[in-house]
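Below: my_file01.txt (compact mmCIF, C-alpha atoms and all ligand atoms)
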```txt
# COMPACT_ATOMS: atom_id res chain seq x y z
CA MET A 1 22.28 9.41 -6.56
CA PRO A 2 24.39 12.02 -4.76
CA ILE A 3 26.08 10.77 -1.61
CA ASP A 4 25.81 12.13 1.92
CA PRO A 5 29.30 13.52 2.68
CA THR A 6 28.69 13.32 6.44
CA LEU A 7 28.49 9.50 6.44
CA PRO A 8 31.51 7.44 7.50
CA TYR A 9 33.96 6.25 4.84
CA ASP A 10 32.76 3.19 2.89
CA ASP A 11 35.64 0.84 2.09
CA ASP A 12 33.63 -0.71 -0.76
CA ASN A 13 33.19 2.51 -2.74
CA ILE A 14 34.29 2.27 -6.38
CA PHE A 15 37.42 4.42 -5.98
CA ALA A 16 38.57 2.42 -2.94
CA ARG A 17 38.28 -0.66 -5.14
CA ILE A 18 40.23 1.04 -7.95
CA LEU A 19 42.96 1.96 -5.42
CA ARG A 20 43.17 -1.67 -4.30
CA GLY A 21 43.44 -2.79 -7.93
CA GLU A 22 40.15 -4.71 -7.78
CA ILE A 23 38.64 -2.71 -10.63
CA PRO A 24 40.61 -1.71 -13.75
CA CYS A 25 41.30 1.89 -14.65
CA GLN A 26 43.45 3.90 -17.04
CA LYS A 27 46.17 4.92 -14.60
CA VAL A 28 47.88 8.27 -15.16
CA TYR A 29 50.02 8.81 -12.05
CA GLU A 30 50.77 7.41 -8.61
CA ASP A 31 52.93 8.46 -5.66
CA ASP A 32 52.87 7.94 -1.88
CA TRP A 33 49.87 10.22 -1.41
CA ALA A 34 47.76 10.15 -4.55
CA PHE A 35 46.54 8.11 -7.48
CA ALA A 36 45.26 9.52 -10.79
CA PHE A 37 43.25 7.88 -13.56
CA GLU A 38 41.09 8.83 -16.52
CA ASP A 39 37.39 9.45 -15.88
CA ILE A 40 35.26 6.67 -17.37
CA ASN A 41 32.77 9.20 -18.78
CA PRO A 42 34.89 12.20 -19.84
CA GLN A 43 33.22 15.63 -19.87
CA ALA A 44 36.12 17.33 -21.71
CA LYS A 45 38.97 16.27 -24.01
CA VAL A 46 41.05 15.81 -20.87
CA HIS A 47 39.16 14.58 -17.81
CA THR A 48 41.40 13.03 -15.19
CA LEU A 49 40.57 12.21 -11.57
CA VAL A 50 43.06 12.54 -8.74
CA ILE A 51 42.33 10.84 -5.43
CA PRO A 52 44.20 10.71 -2.12
CA LYS A 53 45.35 7.28 -0.96
CA GLY A 54 43.80 7.89 2.46
CA ARG A 55 40.21 7.11 3.43
CA TYR A 56 38.44 10.47 2.97
CA VAL A 57 34.82 10.86 1.89
CA SER A 58 35.09 14.37 0.50
CA TRP A 59 37.05 17.61 0.47
CA ASP A 60 35.28 18.48 3.71
CA ASP A 61 36.49 15.30 5.41
CA PHE A 62 39.99 15.63 3.94
CA SER A 63 40.49 19.28 4.86
CA ALA A 64 39.33 18.60 8.43
CA ARG A 65 41.10 15.29 9.18
CA ALA A 66 44.04 14.70 6.84
CA SER A 67 47.58 15.24 8.11
CA ASP A 68 49.64 18.15 6.82
CA ALA A 69 51.78 15.64 4.91
CA GLU A 70 48.73 14.10 3.22
CA ILE A 71 47.38 17.52 2.24
CA VAL A 72 50.70 18.71 0.85
CA GLY A 73 51.25 15.41 -0.96
CA PHE A 74 47.79 15.44 -2.52
CA VAL A 75 47.87 19.09 -3.62
CA ARG A 76 51.30 18.62 -5.18
CA ALA A 77 50.10 15.48 -6.97
CA VAL A 78 47.17 17.34 -8.55
CA GLY A 79 49.58 19.95 -9.91
CA GLU A 80 52.01 17.29 -11.10
CA VAL A 81 49.30 15.44 -13.04
CA ALA A 82 48.24 18.66 -14.78
CA ARG A 83 51.85 19.46 -15.67
CA ARG A 84 52.44 15.96 -17.05
CA LYS A 85 49.33 16.35 -19.20
CA GLY A 86 50.70 19.60 -20.65
CA LEU A 87 47.79 21.61 -19.31
CA VAL A 88 49.55 24.54 -17.66
CA GLU A 89 50.18 26.72 -20.72
CA PRO A 90 46.74 26.22 -22.35
CA GLY A 91 45.00 26.23 -18.97
CA TYR A 92 42.81 23.83 -17.08
CA ARG A 93 40.09 23.62 -14.44
CA LEU A 94 39.91 21.80 -11.10
CA LEU A 95 36.63 20.69 -9.56
CA ALA A 96 35.74 18.85 -6.37
CA ASN A 97 32.07 18.06 -5.75
CA ILE A 98 30.96 17.81 -2.14
CA GLY A 99 27.53 16.37 -1.34
CA ALA A 100 24.09 16.71 -2.85
CA HIS A 101 24.05 20.27 -4.18
CA ALA A 102 27.26 19.57 -6.11
CA GLY A 103 26.12 16.11 -7.26
CA GLN A 104 28.96 14.11 -5.66
CA GLU A 105 28.44 10.48 -6.65
CA VAL A 106 31.51 8.67 -5.35
CA PRO A 107 32.23 8.89 -1.59
CA HIS A 108 36.03 9.06 -1.85
CA LEU A 109 37.52 12.53 -2.35
CA HIS A 110 38.38 13.15 -5.98
CA VAL A 111 39.54 16.25 -7.81
CA HIS A 112 38.50 16.45 -11.44
CA ILE A 113 41.07 17.92 -13.85
CA PHE A 114 39.42 19.24 -17.00
CA GLY A 115 41.32 20.58 -20.00
CA GLY A 116 42.43 20.08 -23.58
CA GLU A 117 39.91 22.59 -24.95
CA PRO A 118 38.14 25.82 -23.90
CA LEU A 119 35.92 24.88 -20.97
CA GLY A 120 33.15 27.44 -21.17
CA PRO A 121 31.52 29.24 -18.26
CA MET A 122 32.61 28.38 -14.74
CA ILE A 123 29.20 27.13 -13.64
CA TRP A 124 25.96 26.09 -15.28
CA LYS A 125 23.35 28.86 -15.29
CA ARG A 126 19.64 28.18 -15.50
P1 LIG A 201 31.43 13.13 -8.84
O1 LIG A 201 30.10 13.41 -9.44
O2 LIG A 201 31.33 12.21 -7.64
O3 LIG A 201 32.22 14.37 -8.58
O4 LIG A 201 32.27 12.37 -9.96
C1 LIG A 201 32.40 11.00 -10.06
C2 LIG A 201 33.13 10.73 -11.36
O5 LIG A 201 33.61 9.41 -11.32
C3 LIG A 201 32.26 10.86 -12.60
O6 LIG A 201 32.83 11.82 -13.48
C4 LIG A 201 32.25 9.45 -13.19
O7 LIG A 201 32.27 9.43 -14.60
C5 LIG A 201 33.50 8.84 -12.60
N1 LIG A 201 33.43 7.39 -12.39
C6 LIG A 201 32.43 6.71 -11.78
N2 LIG A 201 32.70 5.40 -11.74
C7 LIG A 201 33.92 5.25 -12.34
C8 LIG A 201 34.74 4.12 -12.59
O8 LIG A 201 34.43 2.98 -12.28
N3 LIG A 201 35.94 4.35 -13.22
C9 LIG A 201 36.33 5.61 -13.59
N4 LIG A 201 37.50 5.72 -14.20
N5 LIG A 201 35.58 6.70 -13.35
C10 LIG A 201 34.39 6.52 -12.74
```
Structure encoded using structure tokens:
Amino acid sequence: MPIDPTLPYDDDNIFARILRGEIPCQKVYEDDWAFAFEDINPQAKVHTLVIPKGRYVSWDDFSARASDAEIVGFVRAVGEVARRKGLVEPGYRLLANIGAHAGQEVPHLHVHIFGGEPLGPMIWKR
């Protein structure tokens, strides 16, 4: 079920629990601002999720409320994860789903990093 990105942050969402170490994950990277781990149901050869450490429901929430330092830290972390995965030269794709039309399922901002193979068209066409 897609989430409503206008609801308040839920401290029990699955990514909050991963951040607190309550649920295991395949960790890829961590710094002061961000945490990255492998998606449990990969949609490409490389499918890594990067999340901010702060309590933000979506990109909408983050872009409106996060501090400049949080935004800079998070954006740099996404790039760093892609570099560490060797994705820059072959290329990669970033995706952030926000709300129902995009099918966002977890109410903690996450950027998907896809790569490791040609990724096909940018968006699904009927
Ligand atoms: P969304 O549709 O919200 O943009 O993406 C949520 C993503 O989180 C999905 O790709 C899904 O496979 C992944 N996911 C959901 N639950 C877990 C989990 O417990 N662990 C990990 N590693 N990924 C998860």
Test item: residues no farther than 7 Å from ligand LIG 201 (chain A), counting all atoms listed in the file, as a list in words: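 Based on all atoms listed in the file, ligand LIG 201 (chain A) is surrounded within 7 Å by Ile14, Cys25, Gln26, Phe37, Glu38, Asp39, Ile40, Asn41, Pro42, Ala96, Asn97, Gly103, Gln104, Glu105, Val106, Pro107 and His110 of chain A.
From CA of Ser58 in chain A back to CA of Leu109 in chain A, the distance works out to 4.2 Å.
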Selected residue, from A:Pro2, A:Gly21, A:Gly54, A:Pro90, that lies nearest to His108 in chain A when counting all atoms listed in the file: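 Nearest to His108 in chain A: A:Gly54.
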Close residues, Val75 in chain A itself excluded, 12 Å, all atoms listed in the file, min 2 positions apart in chain, as a ChimeraX atom specification: /A:31,33-35,50-52,59,62-63,66,68-73,77-82,94,110-111
Saved selection, atoms kept: C-alpha atoms, as an mmCIF file, keeping the file's coordinate frame:
```cif
data_model
loop_
_atom_site.group_PDB
_atom_site.id
_atom_site.type_symbol
_atom_site.label_atom_id
_atom_site.label_comp_id
_atom_site.auth_asym_id
_atom_site.auth_seq_id
_atom_site.Cartn_x
_atom_site.Cartn_y
_atom_site.Cartn_z
ATOM 1 C CA ASP A 31 52.930 8.460 -5.660
ATOM 2 C CA TRP A 33 49.870 10.220 -1.410
ATOM 3 C CA ALA A 34 47.760 10.150 -4.550
ATOM 4 C CA PHE A 35 46.540 8.110 -7.480
ATOM 5 C CA VAL A 50 43.060 12.540 -8.740
ATOM 6 C CA ILE A 51 42.330 10.840 -5.430
ATOM 7 C CA PRO A 52 44.200 10.710 -2.120
ATOM 8 C CA TRP A 59 37.050 17.610 0.470
ATOM 9 C CA PHE A 62 39.990 15.630 3.940
ATOM 10 C CA SER A 63 40.490 19.280 4.860
ATOM 11 C CA ALA A 66 44.040 14.700 6.840
ATOM 12 C CA ASP A 68 49.640 18.150 6.820
ATOM 13 C CA ALA A 69 51.780 15.640 4.910
ATOM 14 C CA GLU A 70 48.730 14.100 3.220
ATOM 15 C CA ILE A 71 47.380 17.520 2.240
ATOM 16 C CA VAL A 72 50.700 18.710 0.850
ATOM 17 C CA GLY A 73 51.250 15.410 -0.960
ATOM 18 C CA ALA A 77 50.100 15.480 -6.970
ATOM 19 C CA VAL A 78 47.170 17.340 -8.550
ATOM 20 C CA GLY A 79 49.580 19.950 -9.910
ATOM 21 C CA GLU A 80 52.010 17.290 -11.100
ATOM 22 C CA VAL A 81 49.300 15.440 -13.040
ATOM 23 C CA ALA A 82 48.240 18.660 -14.780
ATOM 24 C CA LEU A 94 39.910 21.800 -11.100
ATOM 25 C CA HIS A 110 38.380 13.150 -5.980
ATOM 26 C CA VAL A 111 39.540 16.250 -7.810
#
```
Among listed residues A:Leu7, A:Asp32, A:Gln43, A:Leu19, nearest Arg76 in chain A (using all atoms listed in the file): A:Asp32
Separation of CA of Asp60 in chain A from CA of Tyr9 in chain A in Å: 12.4 Å
Interatomic distance (Å, one decimal) between CA of Arg93 in chain A and CA of Glu22 in chain A: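 Taking CA of Arg93 in chain A as the start and CA of Glu22 in chain A as the end point, the length is 29.1 Å.
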Of the listed residues A:Arg126, A:Arg17, A:His47, A:His101, that which approaches Lys85 in chain A most closely, counting all atoms listed in the file: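 Looking only at the distances to Lys85 in chain A, the closest residue turns out to be A:His47.
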Counting only C-alpha atoms, which residues have an atom no more than 9 Å from (55.7, 11.6, -14.8) in the file's coordinates? Please list them as a PDB file with C-alpha atoms, keeping the file's coordinate frame.
```pdb
ATOM      1  CA  VAL A  28      47.880   8.270 -15.160  1.00  0.00           C
ATOM      2  CA  TYR A  29      50.020   8.810 -12.050  1.00  0.00           C
ATOM      3  CA  GLU A  30      50.770   7.410  -8.610  1.00  0.00           C
ATOM      4  CA  GLU A  80      52.010  17.290 -11.100  1.00  0.00           C
ATOM      5  CA  VAL A  81      49.300  15.440 -13.040  1.00  0.00           C
ATOM      6  CA  ARG A  83      51.850  19.460 -15.670  1.00  0.00           C
ATOM      7  CA  ARG A  84      52.440  15.960 -17.050  1.00  0.00           C
TER       8      ARG A  84
END
```
Long-range neighbours of Ala44 in chain A as a ChimeraX atom specification, 10 Å cut-off, all atoms listed in the file, 3 positions minimum in chain: /A:39,41,47-48,113-119
Given 3 Å of margin on each side, can you work out the centre and size in Å (one decimal) of an axis-aligned box holding every listed atom of range 56-61 of chain A, as JSON?
```
{"center_x": 36.6, "center_y": 14.5, "center_z": 2.9, "size_x": 9.6, "size_y": 14.0, "size_z": 10.9}
```
Option closest in space to Asp10 in chain A, from A:Lys45, A:Arg55, A:His112, A:Lys27 [counting only C-alpha atoms]: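 Residue with the minimum atom-to-atom distance to Asp10 in chain A: A:Arg55.
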Atoms are missing here; could range 20-31 of chain A be completed with all heavy atoms and written as a short mmCIF file (atom, residue, chain, number, x, y, z; two decimals), keeping the file's coordinate frame?
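As a result, result_8.cif now contains:
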```cif
data_model
loop_
_atom_site.label_atom_id
_atom_site.label_comp_id
_atom_site.auth_asym_id
_atom_site.auth_seq_id
_atom_site.Cartn_x
_atom_site.Cartn_y
_atom_site.Cartn_z
N ARG A 20 42.69 -0.33 -4.68
CA ARG A 20 43.17 -1.67 -4.30
C ARG A 20 43.44 -2.55 -5.51
O ARG A 20 43.86 -3.70 -5.36
CB ARG A 20 42.13 -2.37 -3.39
CG ARG A 20 41.97 -1.74 -2.00
CD ARG A 20 41.26 -2.68 -1.03
NE ARG A 20 39.90 -2.97 -1.41
CZ ARG A 20 38.81 -2.31 -0.98
NH1 ARG A 20 38.96 -1.30 -0.14
NH2 ARG A 20 37.61 -2.64 -1.38
N GLY A 21 43.18 -2.03 -6.71
CA GLY A 21 43.44 -2.79 -7.93
C GLY A 21 42.38 -3.83 -8.22
O GLY A 21 42.59 -4.72 -9.05
N GLU A 22 41.23 -3.72 -7.57
CA GLU A 22 40.15 -4.71 -7.78
C GLU A 22 39.33 -4.41 -9.02
O GLU A 22 38.65 -5.28 -9.55
CB GLU A 22 39.23 -4.74 -6.55
CG GLU A 22 39.90 -5.22 -5.29
CD GLU A 22 39.10 -4.97 -4.03
OE1 GLU A 22 37.93 -4.53 -4.12
OE2 GLU A 22 39.65 -5.21 -2.94
N ILE A 23 39.38 -3.14 -9.45
CA ILE A 23 38.64 -2.71 -10.63
C ILE A 23 39.64 -2.01 -11.55
O ILE A 23 40.45 -1.20 -11.06
CB ILE A 23 37.50 -1.75 -10.24
CG1 ILE A 23 36.43 -2.52 -9.45
CG2 ILE A 23 36.89 -1.04 -11.43
CD1 ILE A 23 35.30 -1.66 -8.96
N PRO A 24 39.63 -2.33 -12.86
CA PRO A 24 40.61 -1.71 -13.75
C PRO A 24 40.37 -0.23 -13.97
O PRO A 24 39.23 0.25 -13.82
CB PRO A 24 40.43 -2.48 -15.06
CG PRO A 24 39.08 -3.09 -14.99
CD PRO A 24 38.74 -3.27 -13.54
N CYS A 25 41.43 0.48 -14.30
CA CYS A 25 41.30 1.89 -14.65
C CYS A 25 42.46 2.23 -15.57
O CYS A 25 43.42 1.47 -15.69
CB CYS A 25 41.34 2.78 -13.40
SG CYS A 25 42.97 2.88 -12.66
N GLN A 26 42.35 3.40 -16.21
CA GLN A 26 43.45 3.90 -17.04
C GLN A 26 44.32 4.79 -16.16
O GLN A 26 44.02 5.98 -15.99
CB GLN A 26 42.86 4.68 -18.22
CG GLN A 26 43.70 4.58 -19.47
CD GLN A 26 43.03 5.36 -20.60
OE1 GLN A 26 41.79 5.32 -20.77
NE2 GLN A 26 43.82 6.08 -21.36
N LYS A 27 45.34 4.20 -15.58
CA LYS A 27 46.17 4.92 -14.60
C LYS A 27 47.03 5.98 -15.28
O LYS A 27 47.60 5.74 -16.34
CB LYS A 27 47.08 3.91 -13.90
CG LYS A 27 48.00 4.50 -12.87
CD LYS A 27 48.75 3.37 -12.17
CE LYS A 27 50.00 3.87 -11.50
NZ LYS A 27 50.72 2.78 -10.81
N VAL A 28 47.12 7.13 -14.63
CA VAL A 28 47.88 8.27 -15.16
C VAL A 28 49.10 8.56 -14.29
O VAL A 28 50.16 8.93 -14.79
CB VAL A 28 46.97 9.52 -15.21
CG1 VAL A 28 47.76 10.78 -15.49
CG2 VAL A 28 45.85 9.34 -16.21
N TYR A 29 48.96 8.38 -12.98
CA TYR A 29 50.02 8.81 -12.05
C TYR A 29 49.77 8.15 -10.70
O TYR A 29 48.63 7.91 -10.31
CB TYR A 29 49.96 10.33 -11.89
CG TYR A 29 50.93 10.89 -10.90
CD1 TYR A 29 52.27 11.09 -11.24
CD2 TYR A 29 50.53 11.23 -9.60
CE1 TYR A 29 53.17 11.61 -10.32
CE2 TYR A 29 51.42 11.75 -8.68
CZ TYR A 29 52.74 11.93 -9.04
OH TYR A 29 53.64 12.44 -8.14
N GLU A 30 50.89 7.90 -9.98
CA GLU A 30 50.77 7.41 -8.61
C GLU A 30 52.00 7.83 -7.83
O GLU A 30 53.12 7.79 -8.34
CB GLU A 30 50.65 5.88 -8.59
CG GLU A 30 50.51 5.32 -7.18
CD GLU A 30 50.22 3.82 -7.17
OE1 GLU A 30 50.37 3.16 -8.22
OE2 GLU A 30 49.86 3.32 -6.08
N ASP A 31 51.80 8.26 -6.58
CA ASP A 31 52.93 8.46 -5.66
C ASP A 31 52.47 8.02 -4.28
O ASP A 31 51.44 7.33 -4.15
CB ASP A 31 53.45 9.91 -5.72
CG ASP A 31 52.44 10.94 -5.27
OD1 ASP A 31 51.48 10.58 -4.54
OD2 ASP A 31 52.60 12.13 -5.63
#
```
